[in-house]
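Structure below is target00.cif: mmCIF, C-alpha atoms.
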data_upload
#
loop_
_atom_site.label_atom_id
_atom_site.label_comp_id
_atom_site.auth_asym_id
_atom_site.auth_seq_id
_atom_site.Cartn_x
_atom_site.Cartn_y
_atom_site.Cartn_z
CA MET A 200 2.08 21.80 27.16
CA ASN A 201 0.87 24.95 28.90
CA LEU A 202 -2.22 23.83 30.83
CA SER A 203 -3.11 27.42 31.71
CA SER A 204 -3.87 28.12 28.04
CA ILE A 205 -6.28 25.18 27.66
CA LYS A 206 -9.90 26.31 27.37
CA PHE A 207 -12.12 23.82 29.19
CA ASP A 208 -15.86 24.21 28.62
CA GLU A 209 -18.42 25.30 31.18
CA LYS A 210 -18.38 21.77 32.64
CA GLY A 211 -14.61 21.80 32.94
CA LEU A 212 -14.12 19.42 29.99
CA ILE A 213 -12.27 19.39 26.69
CA PRO A 214 -12.84 16.94 23.79
CA ALA A 215 -9.91 14.67 23.02
CA ILE A 216 -9.71 13.01 19.61
CA VAL A 217 -7.54 9.91 19.93
CA GLN A 218 -5.57 8.88 16.82
CA ASP A 219 -3.23 6.01 16.14
CA ALA A 220 0.17 7.67 15.85
CA ARG A 221 1.33 5.24 13.16
CA THR A 222 -1.73 4.90 10.90
CA LYS A 223 -3.38 8.23 11.81
CA LYS A 224 -6.68 6.35 12.14
CA VAL A 225 -9.17 8.04 14.48
CA LEU A 226 -9.78 5.62 17.35
CA THR A 227 -12.26 7.40 19.58
CA LEU A 228 -13.55 10.71 20.88
CA ALA A 229 -13.43 11.12 24.64
CA TYR A 230 -13.29 13.95 27.13
CA MET A 231 -10.72 15.11 29.65
CA ASN A 232 -10.89 17.47 32.58
CA GLU A 233 -7.87 19.19 34.07
CA GLU A 234 -7.19 16.33 36.48
CA SER A 235 -7.31 13.60 33.82
CA LEU A 236 -5.18 15.64 31.43
CA LYS A 237 -2.55 16.14 34.13
CA LYS A 238 -2.66 12.41 34.89
CA THR A 239 -2.28 11.61 31.18
CA LEU A 240 0.84 13.77 30.98
CA GLU A 241 2.15 12.27 34.21
CA ILE A 242 1.84 8.55 33.38
CA GLY A 243 2.14 8.76 29.57
CA GLU A 244 -1.11 6.88 28.95
CA THR A 245 -4.60 8.19 28.20
CA VAL A 246 -6.77 9.05 31.16
CA PHE A 247 -10.25 10.40 30.45
CA TYR A 248 -13.25 11.80 32.28
CA SER A 249 -16.45 9.77 32.15
CA ARG A 250 -19.44 12.09 31.87
CA SER A 251 -21.85 9.27 32.71
CA ARG A 252 -20.00 8.08 35.80
CA GLN A 253 -18.62 11.55 36.57
CA GLU A 254 -15.17 10.23 37.38
CA ILE A 255 -11.78 9.95 35.73
CA TRP A 256 -10.79 6.61 34.21
CA HIS A 257 -7.51 5.20 32.99
CA LYS A 258 -8.05 3.64 29.56
CA GLY A 259 -7.17 -0.06 29.73
CA GLU A 260 -6.72 -0.15 33.48
CA THR A 261 -8.91 -3.24 33.72
CA SER A 262 -8.92 -4.53 30.12
CA GLY A 263 -5.23 -4.05 29.44
CA ASN A 264 -6.04 -2.09 26.26
CA THR A 265 -3.96 0.90 27.22
CA GLN A 266 -2.95 3.75 24.93
CA LYS A 267 0.63 4.98 25.20
CA VAL A 268 0.69 8.71 24.50
CA ILE A 269 3.10 9.68 21.72
CA ASP A 270 2.10 13.33 21.32
CA ILE A 271 -0.72 15.76 22.10
CA HIS A 272 -1.72 18.63 19.84
CA VAL A 273 -3.97 21.52 20.86
CA ASP A 274 -6.07 23.19 18.17
CA CYS A 275 -5.79 26.89 17.33
CA ASP A 276 -8.73 27.79 19.60
CA GLN A 277 -7.16 25.88 22.52
CA ASP A 278 -10.48 24.08 23.07
CA ALA A 279 -9.84 20.65 21.55
CA LEU A 280 -7.07 18.04 21.70
CA VAL A 281 -5.72 15.45 19.31
CA VAL A 282 -3.95 12.69 21.23
CA PHE A 283 -1.61 10.52 19.16
CA VAL A 284 -1.18 7.12 20.77
CA ASP A 285 0.36 3.68 20.40
CA PRO A 286 -2.67 1.50 21.20
CA LYS A 287 -2.20 -1.78 23.03
CA GLY A 288 -5.40 -3.42 21.86
CA PRO A 289 -8.80 -2.22 20.60
CA ALA A 290 -10.03 1.27 21.45
CA CYS A 291 -13.76 0.53 21.37
CA HIS A 292 -15.66 -1.22 24.16
CA THR A 293 -17.21 -3.46 21.47
CA GLY A 294 -13.80 -4.92 20.74
CA ALA A 295 -13.38 -3.03 17.49
CA GLU A 296 -10.08 -1.34 16.69
CA SER A 297 -11.83 2.01 16.37
CA CYS A 298 -15.15 3.45 17.51
CA PHE A 299 -15.41 4.87 13.97
CA GLY A 300 -14.65 1.72 12.05
CA ALA A 301 -17.01 -0.57 10.18
CA GLY A 302 -18.12 -2.29 13.36
CA ALA A 303 -21.81 -2.87 14.05
CA SER A 304 -21.76 -0.26 16.81
CA ASP A 305 -21.08 2.46 14.23
CA LEU A 306 -23.79 1.46 11.76
CA SER A 307 -27.38 2.59 11.94
CA GLU A 308 -30.22 0.10 11.69
CA ALA A 309 -30.91 1.43 8.20
CA GLU A 310 -27.33 0.74 7.15
CA LYS A 311 -27.36 -2.74 8.67
CA SER A 312 -30.47 -3.55 6.63
CA GLY A 313 -28.90 -2.22 3.44
CA LYS A 314 -30.54 1.22 3.31
CA THR A 315 -28.78 4.49 3.92
CA SER A 316 -30.43 7.60 5.31
CA TYR A 317 -30.81 8.78 1.70
CA GLY A 318 -32.98 5.78 0.95
CA ASP A 319 -30.43 4.37 -1.49
CA ILE A 320 -29.82 0.66 -1.54
CA VAL A 321 -26.29 -0.40 -0.75
CA PRO A 322 -25.09 -4.00 -0.79
CA GLY A 323 -25.09 -5.79 2.54
CA LYS A 324 -22.38 -8.25 3.50
CA GLU A 325 -24.40 -11.15 2.17
CA ASP A 326 -24.83 -9.76 -1.35
CA SER A 327 -21.89 -7.39 -1.73
CA GLN A 328 -19.66 -7.98 -4.70
CA GLY A 329 -16.83 -6.26 -2.90
CA LYS A 330 -17.01 -2.99 -4.81
CA PRO A 331 -14.83 -0.43 -2.95
CA GLN A 332 -17.09 2.44 -4.05
CA ASP A 333 -19.99 0.99 -2.02
CA ILE A 334 -18.45 2.42 1.15
CA LEU A 335 -19.14 5.93 -0.17
CA ASN A 336 -22.87 5.23 -0.03
CA VAL A 337 -22.54 3.89 3.51
CA LEU A 338 -20.49 6.90 4.60
CA GLN A 339 -22.95 9.38 3.10
CA GLY A 340 -25.80 7.76 4.98
CA LEU A 341 -23.89 7.60 8.24
CA ILE A 342 -22.78 11.23 8.01
CA ALA A 343 -26.32 12.41 7.25
CA GLU A 344 -27.61 10.41 10.19
CA ARG A 345 -24.99 11.88 12.49
CA GLU A 346 -26.01 15.41 11.51
CA ARG A 347 -29.67 14.62 12.06
CA GLU A 348 -29.38 12.76 15.37
CA MET A 349 -26.15 14.28 16.76
CA PRO A 350 -25.30 11.25 18.97
CA GLU A 351 -23.08 12.13 21.89
CA GLY A 352 -19.48 11.00 21.62
CA ALA A 353 -19.35 10.60 17.83
CA TYR A 354 -16.53 12.37 16.02
CA THR A 355 -18.87 13.39 13.19
CA THR A 356 -21.19 14.96 15.76
CA TYR A 357 -18.22 16.91 17.09
CA LEU A 358 -17.50 18.29 13.62
CA PHE A 359 -21.09 19.37 12.99
CA ASP A 360 -21.32 20.85 16.48
CA LYS A 361 -18.19 22.96 15.90
CA GLY A 362 -19.52 24.17 12.55
CA VAL A 363 -18.26 24.90 9.07
CA ASP A 364 -15.02 26.62 10.13
CA LYS A 365 -13.84 23.52 12.00
CA ILE A 366 -14.86 21.28 9.08
CA LEU A 367 -13.03 23.50 6.60
CA LYS A 368 -9.98 23.47 8.83
CA LYS A 369 -9.99 19.67 8.85
CA VAL A 370 -10.39 19.49 5.06
CA GLY A 371 -7.41 21.82 4.69
CA GLU A 372 -5.32 19.84 7.17
CA GLU A 373 -6.09 16.53 5.50
CA ALA A 374 -5.35 17.98 2.05
CA SER A 375 -1.97 19.13 3.37
CA GLU A 376 -1.29 15.66 4.79
CA VAL A 377 -2.11 14.14 1.40
CA ILE A 378 0.38 16.48 -0.26
CA ILE A 379 3.09 15.64 2.28
CA ALA A 380 2.54 11.88 1.92
CA ALA A 381 2.65 12.16 -1.87
CA LYS A 382 5.82 14.25 -1.82
CA ASN A 383 7.40 11.64 0.46
CA ARG A 384 6.37 8.86 -1.95
CA ASP A 385 4.81 7.10 1.03
CA LYS A 386 1.99 5.04 -0.45
CA GLU A 387 0.90 3.60 2.89
CA GLU A 388 0.63 7.05 4.46
CA LEU A 389 -1.01 8.45 1.32
CA LYS A 390 -3.67 5.76 1.48
CA TRP A 391 -4.70 6.73 5.01
CA GLU A 392 -4.51 10.47 4.42
CA ALA A 393 -6.55 10.25 1.20
CA ALA A 394 -9.23 8.32 3.07
CA ASP A 395 -9.31 10.99 5.80
CA LEU A 396 -9.61 13.72 3.16
CA ILE A 397 -12.52 11.99 1.41
CA TYR A 398 -14.34 11.48 4.71
CA HIS A 399 -13.99 15.13 5.76
CA LEU A 400 -14.98 16.29 2.27
CA LEU A 401 -18.19 14.24 2.58
CA VAL A 402 -18.86 15.90 5.95
CA LEU A 403 -18.39 19.31 4.32
CA LEU A 404 -20.75 18.47 1.46
CA GLN A 405 -23.37 17.34 3.98
CA GLU A 406 -22.97 20.56 5.99
CA GLN A 407 -23.41 22.54 2.78
CA LYS A 408 -26.42 20.39 1.77
CA LEU A 409 -24.74 19.52 -1.52
CA PRO A 410 -25.45 15.88 -2.44
CA PHE A 411 -22.38 13.95 -3.46
CA ALA A 412 -24.39 12.71 -6.42
CA GLU A 413 -24.23 16.22 -7.88
CA VAL A 414 -20.45 16.15 -7.68
CA LEU A 415 -20.44 12.80 -9.45
CA SER A 416 -22.79 14.16 -12.12
CA VAL A 417 -20.27 16.94 -12.86
CA LEU A 418 -17.55 14.31 -13.34
CA GLU A 419 -19.86 12.28 -15.54
CA GLU A 420 -20.79 15.33 -17.60
CA ARG A 421 -17.13 16.23 -18.09
CA HIS A 422 -16.30 12.67 -19.06
CA THR A 423 -19.18 12.54 -21.55
CA SER A 424 -18.28 15.91 -23.03
CA LYS A 425 -14.68 14.80 -23.46
CA ASP A 426 -15.79 11.61 -25.24
CA ARG A 427 -17.89 13.64 -27.64
CA LYS A 428 -14.98 15.80 -28.74
#

Go ahead and express the file in the form of structure tokens.
Amino acid sequence: MNLSSIKFDEKGLIPAIVQDARTKKVLTLAYMNEESLKKTLEIGETVFYSRSRQEIWHKGETSGNTQKVIDIHVDCDQDALVVFVDPKGPACHTGAESCFGAGASDLSEAEKSGKTSYGDIVPGKEDSQGKPQDILNVLQGLIAEREREMPEGAYTTYLFDKGVDKILKKVGEEASEVIIAAKNRDKEELKWEAADLIYHLLVLLQEQKLPFAEVLSVLEERHTSKDRK
């Protein structure tokens, strides 16, 4: 990696999206400065910069939940990193595998109570019938909330902050990964990549202010029209 080509921001930082190298699941979004990036490359484990404490920190140094670095990719603008890791334990301080999983730390109060930001009712844990499609309602609400509140450190915030070009790039990348997984007949990989594609597509629809319900209505209309023929 050519460190001289890395574009750190005005505070000397660069966002680092950490992904599980095996499952491709996004684990967290953190930041690195030049020193922590050099340290990461030196020891082969993630080292970040804490904006709140204003110091570098070695992930898992005290908890033991280290992240062995498998590979690091720099985006085309040289201003963002994707760090593929082999995690030795949970990535989130809450104990969850991912900061973007279904843990309580990633759900809004509205979602915990069964209401999304759209005002739609979605089943809570106590009354859910286990319908897989329910997660789409939860995701729509969470994505809309992220765009509205732009919480620091959230991956969805990062996407909205970077704008439509970054979101489109991610949709294209995930679509390509879906194609590759399908061509390889790798159902496990295809499952993860398809989920990533759906998530980024929902982010794009939110950025474009196109309700997912309108997409579903097109499918319903096509289905109905076909039945009538």

Quick one: axis-aligned box around all listed atoms of stretch 251-260 of chain A, 6 Å on every side, centre and edge lengths in Å to one decimal, written as AutoDock Vina command-line options.
--center_x -14.3 --center_y 5.7 --center_z 33.5 --size_x 27.1 --size_y 23.7 --size_z 19.8

Original post:
Which protein, DNA or RNA residues are at most 9 Å from (-18.9, 8.6, 24.2) in the file's coordinates when you count all atoms listed in the file, listed as a list in words?
Top reply: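 I get Thr227, Leu228, Ala229, Tyr230, Ser249, Arg250, Pro350, Glu351, Gly352 and Ala353 of chain A for the residues within 9 Å of that point.
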
**OP:** Apply the PyMOL selection byres ((chain A and resi 386-393) around 7) to the structure shown and report the selected residues as a list in words.
**Re:** Thr222, Glu373, Glu376, Val377, Ala380, Ala381, Arg384, Asp385, Ala394, Asp395, Leu396 and Ile397 of chain A

**OP:** Find the residue from A:Arg252, A:His399, A:His272, A:Lys237 that sits nearest to A:Val217; use all atoms listed in the file when measuring.
**Re:**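 Ranking A:Arg252, A:His399, A:His272, A:Lys237 by distance to A:Val217, first place goes to A:His272.
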
Original post:
Which polymer residues have any atom within 12 Å of an atom of A:Gly362, counting all atoms listed in the file, with same-chain residues fewer than 3 positions away left out, as a VMD selection string?
Top reply: chain A and resid 346 355 to 359 365 to 369 402 to 403 405 to 407

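Of the residues listed (A:Ala279, A:Val284, A:Ile255, A:Ile216), A:Val284 shows the shortest atom-to-atom separation from A:Gly243; distances use only C-alpha atoms.
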
Subject >> Surrounding residues of A:Tyr248 excluding itself and chain neighbours under 5 positions, 7 Å, all atoms listed in the file, as a PyMOL selection string >> reply: chain A and resi 230-232+235+253-256

Mind dumping the selected residues with C-alpha atoms as a short mmCIF file (atom, residue, chain, number, x, y, z; two decimals), keeping the file's coordinate frame?
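Saved result, result_1.cif, follows:
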data_model
loop_
_atom_site.label_atom_id
_atom_site.label_comp_id
_atom_site.auth_asym_id
_atom_site.auth_seq_id
_atom_site.Cartn_x
_atom_site.Cartn_y
_atom_site.Cartn_z
CA TYR A 230 -13.29 13.95 27.13
CA MET A 231 -10.72 15.11 29.65
CA ASN A 232 -10.89 17.47 32.58
CA SER A 235 -7.31 13.60 33.82
CA GLN A 253 -18.62 11.55 36.57
CA GLU A 254 -15.17 10.23 37.38
CA ILE A 255 -11.78 9.95 35.73
CA TRP A 256 -10.79 6.61 34.21
#

Original post:
When you draw a straight line from atom CA of A:Glu413 to atom CA of A:Glu348, how long is it in Å?
Top reply: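 Between atom CA of A:Glu413 and atom CA of A:Glu348 the gap is 24.1 Å.
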
Original post:
In Å, how far is it from atom CA of A:Lys206 to atom CA of A:Val246?
Top reply: 17.9 Å

**OP:** Kindly give the distance, in Å, that separates atom CA of A:Glu419 and atom CA of A:Leu341, rounded to a single decimal.
**Re:**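 Computed distance, atom CA of A:Glu419 to atom CA of A:Leu341, equals 24.6 Å.
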
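Using only C-alpha atoms, the nearest neighbour of A:Leu236 within the list A:Leu280, A:Glu260, A:Asp219, A:Thr265 is A:Leu280.
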
**OP:** For the file shown, report as a PyMOL selection string the outcome of the PyMOL selection byres ((chain A and resi 410-412) around 12) at residue level.
**Re:** chain A and resi 317+319+335-336+338-340+342-343+397-398+400-409+413-419

Original post:
Looking at all atoms listed in the file, which of A:Glu234, A:Asp270, A:Asp360, A:Glu372 is the one that sits closest to A:Gly211?
Top reply: A:Glu234

**OP:** Counting all atoms listed in the file, figure out which residue out of A:Asp285, A:Glu344, A:Glu420, A:Glu296 gets nearest to A:Ala220.
**Re:**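 Result for the nearest residue to A:Ala220: A:Asp285.
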
Can you tell me, as a PDB file with C-alpha atoms, keeping the file's coordinate frame, what residues are no more than 7 Å from A:Thr245 when counting all atoms listed in the file, ignoring any on the same chain fewer than 6 positions away?
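See selection19.pdb below for the written result:
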ATOM      1  CA  THR A 239      -2.280  11.610  31.180  1.00  0.00           C
ATOM      2  CA  HIS A 257      -7.510   5.200  32.990  1.00  0.00           C
ATOM      3  CA  LYS A 258      -8.050   3.640  29.560  1.00  0.00           C
ATOM      4  CA  GLN A 266      -2.950   3.750  24.930  1.00  0.00           C
ATOM      5  CA  LYS A 267       0.630   4.980  25.200  1.00  0.00           C
ATOM      6  CA  VAL A 268       0.690   8.710  24.500  1.00  0.00           C
TER       7      VAL A 268
END
